[in-house]
Amino acid sequence: AVSADAVYVGSVDGAHAALDLHTGRSRWGLVVAAGKKKKNTRDAGVFAAPLLVDRGDLVLFAANDGSVVARKLSHRGQRRWTYQAEAAVFATPALLRDDTLLVLAATTGRVDVIAVDDARKIATLALGAPVYSSPAVLETPAGARIFLGARDDTLTALDLPYSKNTA
């Protein structure tokens, strides 16, 4: 992910880093220490592109151990929260509802919708096939339609109706 003055990257060894856009110097670099015990550092590898959330001053990192970590941009990458999906998350999650909700797809085909502010689970949708692609989202005032490509060569549209509890 790239902002006006920094580049945010994750690595195969599970590190999260912010680099100055103009000089390339490290602003911060942190190794992931998620809840699961790792056999090796590749268990927490980041293969998805980090995702900037301007509204919350956050950058999000999804990893192949199923963790999604939110780090504060203004606090040298301090961890704000960690969400644990049921399986690996190889694809960059998608934001919706004015950056208040995050949609992430696990390799098991489970799609979780969580609140960006506190990682509270809002909804779980089942795709039924492994997912390695990023969700594409079409929003309307009534809800969102989430499009996902799966390993069974299908494209699926999942509907997420909005209610008082979805924000």
# chains A, B, ... in the order shown; residues from 1 in each chain; ligands from 1
call {"tool": "closest_atom_pairs", "arguments": {"of": "region 69-158 of chain A", "to": "region 6-14 of chain A", "cutoff": "12 Å", "atoms": "only C-alpha atoms", "output": "CSV"}}
result
residue,atom,partner,partner_atom,distance
A:Val69,CA,A:Gly10,CA,10.9
A:Arg71,CA,A:Tyr8,CA,10.7
A:Lys72,CA,A:Tyr8,CA,11.9
A:Leu73,CA,A:Tyr8,CA,9.8
A:Ser74,CA,A:Ala6,CA,11.8
A:Arg76,CA,A:Tyr8,CA,11.7
A:Gly77,CA,A:Tyr8,CA,10.1
A:Phe90,CA,A:Val12,CA,11.4
A:Thr92,CA,A:Gly10,CA,11.6
call {"tool": "closest_atom_pairs", "arguments": {"of": "region 93-126 of chain A", "to": "region 135-144 of chain A", "cutoff": "9 Å", "atoms": "only C-alpha atoms", "output": "tab-separated table"}}
result
residue	atom	partner	partner_atom	distance
A:Pro93	CA	A:Pro135	CA	6.5
A:Ala94	CA	A:Pro135	CA	6.0
A:Leu95	CA	A:Val137	CA	8.2
A:Leu96	CA	A:Val137	CA	7.4
A:Arg97	CA	A:Glu139	CA	7.7
A:Val103	CA	A:Pro135	CA	7.2
A:Leu104	CA	A:Pro135	CA	7.2
A:Ala105	CA	A:Pro135	CA	7.3
call {"tool": "residues_around", "arguments": {"residues": "Arg110 (chain A)", "least_positions_apart": "6", "cutoff": "12 Å", "atoms": "only C-alpha atoms", "output": "list in words"}}
result
Gly66, Ala85, Glu86, Ala87, Ala88, Val89, Val103, Leu104, Ala123, Thr124, Leu125, Ala126, Leu127, Gly128, Ala129, Pro130, Val131, Tyr132, Pro135, Leu148, Ala150 and Leu158 of chain A
call {"tool": "write_last_selection", "arguments": {"atoms": "N, CA and C atoms", "output": "mmCIF file, in the first residue's frame"}}
result
data_model
loop_
_atom_site.group_PDB
_atom_site.id
_atom_site.type_symbol
_atom_site.label_atom_id
_atom_site.label_comp_id
_atom_site.auth_asym_id
_atom_site.auth_seq_id
_atom_site.Cartn_x
_atom_site.Cartn_y
_atom_site.Cartn_z
ATOM 1 N N GLY A 66 -3.972 -16.834 8.862
ATOM 2 C CA GLY A 66 -5.353 -16.433 9.105
ATOM 3 C C GLY A 66 -5.487 -15.151 9.897
ATOM 4 N N ALA A 85 -8.995 -15.257 11.368
ATOM 5 C CA ALA A 85 -9.898 -15.968 10.464
ATOM 6 C C ALA A 85 -9.702 -17.466 10.661
ATOM 7 N N GLU A 86 -10.610 -18.259 10.101
ATOM 8 C CA GLU A 86 -10.535 -19.710 10.315
ATOM 9 C C GLU A 86 -9.426 -20.384 9.518
ATOM 10 N N ALA A 87 -8.892 -19.695 8.511
ATOM 11 C CA ALA A 87 -7.832 -20.274 7.683
ATOM 12 C C ALA A 87 -7.012 -19.150 7.063
ATOM 13 N N ALA A 88 -6.051 -19.518 6.253
ATOM 14 C CA ALA A 88 -5.168 -18.552 5.611
ATOM 15 C C ALA A 88 -5.942 -17.509 4.811
ATOM 16 N N VAL A 89 -5.419 -16.288 4.809
ATOM 17 C CA VAL A 89 -5.975 -15.194 4.004
ATOM 18 C C VAL A 89 -4.861 -14.742 3.059
ATOM 19 N N VAL A 103 -14.148 -6.835 4.501
ATOM 20 C CA VAL A 103 -14.540 -8.148 3.991
ATOM 21 C C VAL A 103 -13.267 -8.925 3.705
ATOM 22 N N LEU A 104 -13.142 -10.118 4.316
ATOM 23 C CA LEU A 104 -11.966 -10.931 4.059
ATOM 24 C C LEU A 104 -12.384 -12.354 3.756
ATOM 25 N N ALA A 123 -20.642 -10.444 10.273
ATOM 26 C CA ALA A 123 -21.335 -11.495 9.519
ATOM 27 C C ALA A 123 -20.318 -12.505 9.006
ATOM 28 N N THR A 124 -20.804 -13.706 8.750
ATOM 29 C CA THR A 124 -20.017 -14.748 8.104
ATOM 30 C C THR A 124 -20.842 -15.303 6.967
ATOM 31 N N LEU A 125 -20.223 -15.400 5.815
ATOM 32 C CA LEU A 125 -20.879 -15.929 4.625
ATOM 33 C C LEU A 125 -20.057 -17.111 4.131
ATOM 34 N N ALA A 126 -20.715 -18.132 3.621
ATOM 35 C CA ALA A 126 -20.009 -19.321 3.150
ATOM 36 C C ALA A 126 -20.016 -19.379 1.639
ATOM 37 N N LEU A 127 -18.852 -19.534 1.068
ATOM 38 C CA LEU A 127 -18.738 -19.629 -0.381
ATOM 39 C C LEU A 127 -18.774 -21.081 -0.844
ATOM 40 N N GLY A 128 -18.192 -21.984 -0.061
ATOM 41 C CA GLY A 128 -18.235 -23.391 -0.398
ATOM 42 C C GLY A 128 -17.073 -23.895 -1.230
ATOM 43 N N ALA A 129 -16.119 -23.021 -1.552
ATOM 44 C CA ALA A 129 -14.926 -23.429 -2.296
ATOM 45 C C ALA A 129 -13.771 -22.541 -1.847
ATOM 46 N N PRO A 130 -12.545 -23.035 -1.916
ATOM 47 C CA PRO A 130 -11.392 -22.231 -1.498
ATOM 48 C C PRO A 130 -11.284 -20.917 -2.280
ATOM 49 N N VAL A 131 -10.869 -19.863 -1.580
ATOM 50 C CA VAL A 131 -10.750 -18.539 -2.188
ATOM 51 C C VAL A 131 -9.322 -18.026 -2.003
ATOM 52 N N TYR A 132 -8.738 -17.587 -3.113
ATOM 53 C CA TYR A 132 -7.415 -16.977 -3.094
ATOM 54 C C TYR A 132 -7.446 -15.593 -3.737
ATOM 55 N N PRO A 135 -11.853 -9.888 -2.679
ATOM 56 C CA PRO A 135 -13.260 -9.583 -2.946
ATOM 57 C C PRO A 135 -13.401 -8.268 -3.715
ATOM 58 N N LEU A 148 -16.629 -12.902 -5.585
ATOM 59 C CA LEU A 148 -15.415 -13.662 -5.305
ATOM 60 C C LEU A 148 -15.210 -14.758 -6.326
ATOM 61 N N ALA A 150 -13.364 -18.328 -7.078
ATOM 62 C CA ALA A 150 -12.948 -19.444 -6.237
ATOM 63 C C ALA A 150 -12.150 -20.465 -7.041
ATOM 64 N N LEU A 158 -22.207 -12.751 -3.349
ATOM 65 C CA LEU A 158 -22.841 -12.903 -2.040
ATOM 66 C C LEU A 158 -23.455 -11.574 -1.636
#
call {"tool": "residues_around", "arguments": {"residues": "Val59 (chain A)", "least_positions_apart": "4", "cutoff": "6 Å", "atoms": "only C-alpha atoms", "output": "JSON list (two decimals) with N, CA, C and O atoms, in the first residue's frame"}}
result
[["chain", "number", "residue", "atom", "x", "y", "z"],
["A", 51, "LEU", "N", -3.50, -2.96, 3.22],
["A", 51, "LEU", "CA", -4.65, -2.14, 2.87],
["A", 51, "LEU", "C", -4.70, -0.92, 3.79],
["A", 51, "LEU", "O", -4.73, -1.06, 5.01],
["A", 52, "LEU", "N", -4.69, 0.28, 3.19],
["A", 52, "LEU", "CA", -4.79, 1.52, 3.97],
["A", 52, "LEU", "C", -6.24, 1.84, 4.27],
["A", 52, "LEU", "O", -7.10, 1.74, 3.40],
["A", 53, "VAL", "N", -6.50, 2.26, 5.51],
["A", 53, "VAL", "CA", -7.83, 2.71, 5.93],
["A", 53, "VAL", "C", -7.67, 4.14, 6.40],
["A", 53, "VAL", "O", -7.28, 4.39, 7.54],
["A", 70, "ALA", "N", -4.30, -4.93, 12.39],
["A", 70, "ALA", "CA", -4.47, -3.50, 12.13],
["A", 70, "ALA", "C", -3.39, -2.75, 12.89],
["A", 70, "ALA", "O", -3.23, -2.94, 14.10],
["A", 71, "ARG", "N", -2.64, -1.91, 12.17],
["A", 71, "ARG", "CA", -1.57, -1.13, 12.80],
["A", 71, "ARG", "C", -1.86, 0.36, 12.61],
["A", 71, "ARG", "O", -2.28, 0.78, 11.55]]
call {"tool": "atom_distance", "arguments": {"atom1": "CA of Asp118 (chain A)", "atom2": "CA of Arg27 (chain A)"}}
result
24.8 Å
call {"tool": "closest_residue", "arguments": {"among": "A:Thr82, A:Asp98, A:Pro161, A:Val2", "to": "Ala63 (chain A)", "atoms": "only C-alpha atoms"}}
result
A:Thr82
call {"tool": "select_by_dssp", "arguments": {"residues": "region 45-108 of chain A", "states": "helix (DSSP H, G or I)", "output": "ChimeraX atom specification"}}
result
/A:54-56,73-75
call {"tool": "write_last_selection", "arguments": {"atoms": "all heavy atoms", "output": "mmCIF file, in the first residue's frame"}}
result
data_model
loop_
_atom_site.group_PDB
_atom_site.id
_atom_site.type_symbol
_atom_site.label_atom_id
_atom_site.label_comp_id
_atom_site.auth_asym_id
_atom_site.auth_seq_id
_atom_site.Cartn_x
_atom_site.Cartn_y
_atom_site.Cartn_z
ATOM 1 N N ASP A 54 -7.913 5.087 5.508
ATOM 2 C CA ASP A 54 -7.704 6.503 5.834
ATOM 3 C C ASP A 54 -8.541 6.954 7.019
ATOM 4 O O ASP A 54 -8.071 7.682 7.886
ATOM 5 C CB ASP A 54 -8.019 7.384 4.625
ATOM 6 C CG ASP A 54 -7.017 7.178 3.508
ATOM 7 O OD1 ASP A 54 -5.856 6.819 3.815
ATOM 8 O OD2 ASP A 54 -7.387 7.350 2.348
ATOM 9 N N ARG A 55 -9.790 6.511 7.072
ATOM 10 C CA ARG A 55 -10.712 6.926 8.117
ATOM 11 C C ARG A 55 -10.187 6.586 9.517
ATOM 12 O O ARG A 55 -10.367 7.314 10.452
ATOM 13 C CB ARG A 55 -12.070 6.259 7.884
ATOM 14 C CG ARG A 55 -13.130 6.609 8.861
ATOM 15 C CD ARG A 55 -14.353 5.706 8.621
ATOM 16 N NE ARG A 55 -15.094 5.550 9.834
ATOM 17 C CZ ARG A 55 -14.780 4.708 10.813
ATOM 18 N NH1 ARG A 55 -13.734 3.955 10.727
ATOM 19 N NH2 ARG A 55 -15.520 4.639 11.886
ATOM 20 N N GLY A 56 -9.511 5.468 9.638
ATOM 21 C CA GLY A 56 -9.080 5.025 10.953
ATOM 22 C C GLY A 56 -7.599 5.166 11.214
ATOM 23 O O GLY A 56 -7.099 4.682 12.220
ATOM 24 N N LEU A 73 -1.032 4.052 11.911
ATOM 25 C CA LEU A 73 -0.021 4.763 11.141
ATOM 26 C C LEU A 73 0.665 5.835 11.978
ATOM 27 O O LEU A 73 1.866 6.035 11.888
ATOM 28 C CB LEU A 73 -0.652 5.405 9.903
ATOM 29 C CG LEU A 73 -1.299 4.445 8.910
ATOM 30 C CD1 LEU A 73 -1.946 5.225 7.786
ATOM 31 C CD2 LEU A 73 -0.284 3.464 8.389
ATOM 32 N N SER A 74 -0.120 6.529 12.798
ATOM 33 C CA SER A 74 0.416 7.653 13.568
ATOM 34 C C SER A 74 1.151 7.219 14.832
ATOM 35 O O SER A 74 1.657 8.057 15.560
ATOM 36 C CB SER A 74 -0.711 8.619 13.926
ATOM 37 O OG SER A 74 -1.690 7.955 14.693
ATOM 38 N N HIS A 75 1.219 5.935 15.114
ATOM 39 C CA HIS A 75 1.899 5.442 16.318
ATOM 40 C C HIS A 75 2.964 4.404 15.965
ATOM 41 O O HIS A 75 3.063 3.355 16.604
ATOM 42 C CB HIS A 75 0.884 4.850 17.307
ATOM 43 C CG HIS A 75 0.001 5.867 17.916
ATOM 44 N ND1 HIS A 75 -1.211 6.223 17.365
ATOM 45 C CD2 HIS A 75 0.167 6.653 19.009
ATOM 46 C CE1 HIS A 75 -1.764 7.163 18.109
ATOM 47 N NE2 HIS A 75 -0.950 7.441 19.105
#
call {"tool": "residues_around", "arguments": {"residues": "Gly29 (chain A)", "least_positions_apart": "4", "cutoff": "8 Å", "atoms": "only C-alpha atoms", "output": "ChimeraX atom specification"}}
result
/A:15-18,77
call {"tool": "atom_distance", "arguments": {"atom1": "CA of Phe47 (chain A)", "atom2": "CA of Leu19 (chain A)"}}
result
17.7 Å
call {"tool": "closest_residue", "arguments": {"among": "A:Ile122, A:Val116, A:Leu101, A:Val111", "to": "Thr156 (chain A)", "atoms": "only C-alpha atoms"}}
result
A:Val111
call {"tool": "select_by_dssp", "arguments": {"residues": "chain A", "states": "strand (DSSP E)", "output": "MDAnalysis selection string"}}
result
chainID A and resid 6:10 15:20 26:31 51:53 58:62 67:72 79:84 94:96 101:105 110:115 121:126 136:140 143:149 155:161
call {"tool": "atom_distance", "arguments": {"atom1": "CA of Gln84 (chain A)", "atom2": "CA of Thr154 (chain A)"}}
result
25.9 Å
call {"tool": "decode", "arguments": {"residues": "region 54-81 of chain A", "atoms": "N, CA, C and O atoms", "output": "tab-separated table (two decimals), in the first residue's frame"}}
result
chain	number	residue	atom	x	y	z
A	54	ASP	N	-7.91	5.09	5.51
A	54	ASP	CA	-7.70	6.50	5.83
A	54	ASP	C	-8.54	6.95	7.02
A	54	ASP	O	-8.07	7.68	7.89
A	55	ARG	N	-9.79	6.51	7.07
A	55	ARG	CA	-10.71	6.93	8.12
A	55	ARG	C	-10.19	6.59	9.52
A	55	ARG	O	-10.37	7.31	10.45
A	56	GLY	N	-9.51	5.47	9.64
A	56	GLY	CA	-9.08	5.03	10.95
A	56	GLY	C	-7.60	5.17	11.21
A	56	GLY	O	-7.10	4.68	12.22
A	57	ASP	N	-6.85	5.81	10.29
A	57	ASP	CA	-5.41	5.96	10.46
A	57	ASP	C	-4.76	4.59	10.64
A	57	ASP	O	-3.93	4.39	11.51
A	58	LEU	N	-5.18	3.63	9.81
A	58	LEU	CA	-4.73	2.25	9.95
A	58	LEU	C	-4.15	1.71	8.65
A	58	LEU	O	-4.52	2.14	7.56
A	59	VAL	N	-3.28	0.70	8.80
A	59	VAL	CA	-2.88	-0.14	7.70
A	59	VAL	C	-3.14	-1.58	8.16
A	59	VAL	O	-2.86	-1.93	9.30
A	60	LEU	N	-3.73	-2.38	7.27
A	60	LEU	CA	-4.12	-3.75	7.61
A	60	LEU	C	-3.25	-4.74	6.85
A	60	LEU	O	-2.98	-4.57	5.66
A	61	PHE	N	-2.82	-5.79	7.56
A	61	PHE	CA	-2.00	-6.85	6.99
A	61	PHE	C	-2.73	-8.17	7.19
A	61	PHE	O	-3.05	-8.53	8.32
A	62	ALA	N	-2.97	-8.90	6.10
A	62	ALA	CA	-3.57	-10.23	6.17
A	62	ALA	C	-2.48	-11.26	5.92
A	62	ALA	O	-1.61	-11.06	5.07
A	63	ALA	N	-2.53	-12.39	6.66
A	63	ALA	CA	-1.43	-13.35	6.57
A	63	ALA	C	-1.93	-14.77	6.35
A	63	ALA	O	-3.10	-15.08	6.56
A	64	ASN	N	-0.98	-15.63	5.98
A	64	ASN	CA	-1.37	-17.01	5.69
A	64	ASN	C	-1.58	-17.86	6.94
A	64	ASN	O	-1.90	-19.03	6.84
A	65	ASP	N	-1.46	-17.28	8.13
A	65	ASP	CA	-1.87	-17.99	9.35
A	65	ASP	C	-3.30	-17.64	9.72
A	65	ASP	O	-3.80	-18.06	10.75
A	66	GLY	N	-3.97	-16.83	8.86
A	66	GLY	CA	-5.35	-16.43	9.10
A	66	GLY	C	-5.49	-15.15	9.90
A	66	GLY	O	-6.59	-14.68	10.12
A	67	SER	N	-4.38	-14.56	10.31
A	67	SER	CA	-4.48	-13.32	11.09
A	67	SER	C	-4.62	-12.11	10.18
A	67	SER	O	-4.08	-12.07	9.08
A	68	VAL	N	-5.39	-11.14	10.65
A	68	VAL	CA	-5.45	-9.82	10.03
A	68	VAL	C	-5.09	-8.86	11.15
A	68	VAL	O	-5.73	-8.84	12.20
A	69	VAL	N	-4.04	-8.09	10.92
A	69	VAL	CA	-3.52	-7.19	11.95
A	69	VAL	C	-3.72	-5.74	11.50
A	69	VAL	O	-3.37	-5.38	10.37
A	70	ALA	N	-4.30	-4.93	12.39
A	70	ALA	CA	-4.47	-3.50	12.13
A	70	ALA	C	-3.39	-2.75	12.89
A	70	ALA	O	-3.23	-2.94	14.10
A	71	ARG	N	-2.64	-1.91	12.17
A	71	ARG	CA	-1.57	-1.13	12.80
A	71	ARG	C	-1.86	0.36	12.61
A	71	ARG	O	-2.28	0.78	11.55
A	72	LYS	N	-1.61	1.13	13.68
A	72	LYS	CA	-1.82	2.58	13.67
A	72	LYS	C	-0.69	3.26	12.91
A	72	LYS	O	0.48	3.09	13.25
A	73	LEU	N	-1.03	4.05	11.91
A	73	LEU	CA	-0.02	4.76	11.14
A	73	LEU	C	0.67	5.83	11.98
A	73	LEU	O	1.87	6.03	11.89
A	74	SER	N	-0.12	6.53	12.80
A	74	SER	CA	0.42	7.65	13.57
A	74	SER	C	1.15	7.22	14.83
A	74	SER	O	1.66	8.06	15.56
A	75	HIS	N	1.22	5.94	15.11
A	75	HIS	CA	1.90	5.44	16.32
A	75	HIS	C	2.96	4.40	15.96
A	75	HIS	O	3.06	3.36	16.60
A	76	ARG	N	3.74	4.69	14.91
A	76	ARG	CA	4.86	3.82	14.49
A	76	ARG	C	4.47	2.36	14.36
A	76	ARG	O	5.22	1.46	14.73
A	77	GLY	N	3.28	2.11	13.85
A	77	GLY	CA	2.85	0.74	13.58
A	77	GLY	C	2.34	-0.02	14.78
A	77	GLY	O	2.19	-1.24	14.72
A	78	GLN	N	2.02	0.67	15.85
A	78	GLN	CA	1.49	0.00	17.04
A	78	GLN	C	0.25	-0.81	16.65
A	78	GLN	O	-0.61	-0.35	15.93
A	79	ARG	N	0.18	-2.03	17.16
A	79	ARG	CA	-0.96	-2.91	16.88
A	79	ARG	C	-2.22	-2.35	17.54
A	79	ARG	O	-2.23	-2.10	18.73
A	80	ARG	N	-3.28	-2.21	16.75
A	80	ARG	CA	-4.57	-1.79	17.30
A	80	ARG	C	-5.43	-3.00	17.63
A	80	ARG	O	-6.08	-3.04	18.65
A	81	TRP	N	-5.47	-3.96	16.70
A	81	TRP	CA	-6.20	-5.20	16.95
A	81	TRP	C	-5.69	-6.29	16.02
A	81	TRP	O	-5.02	-6.03	15.04
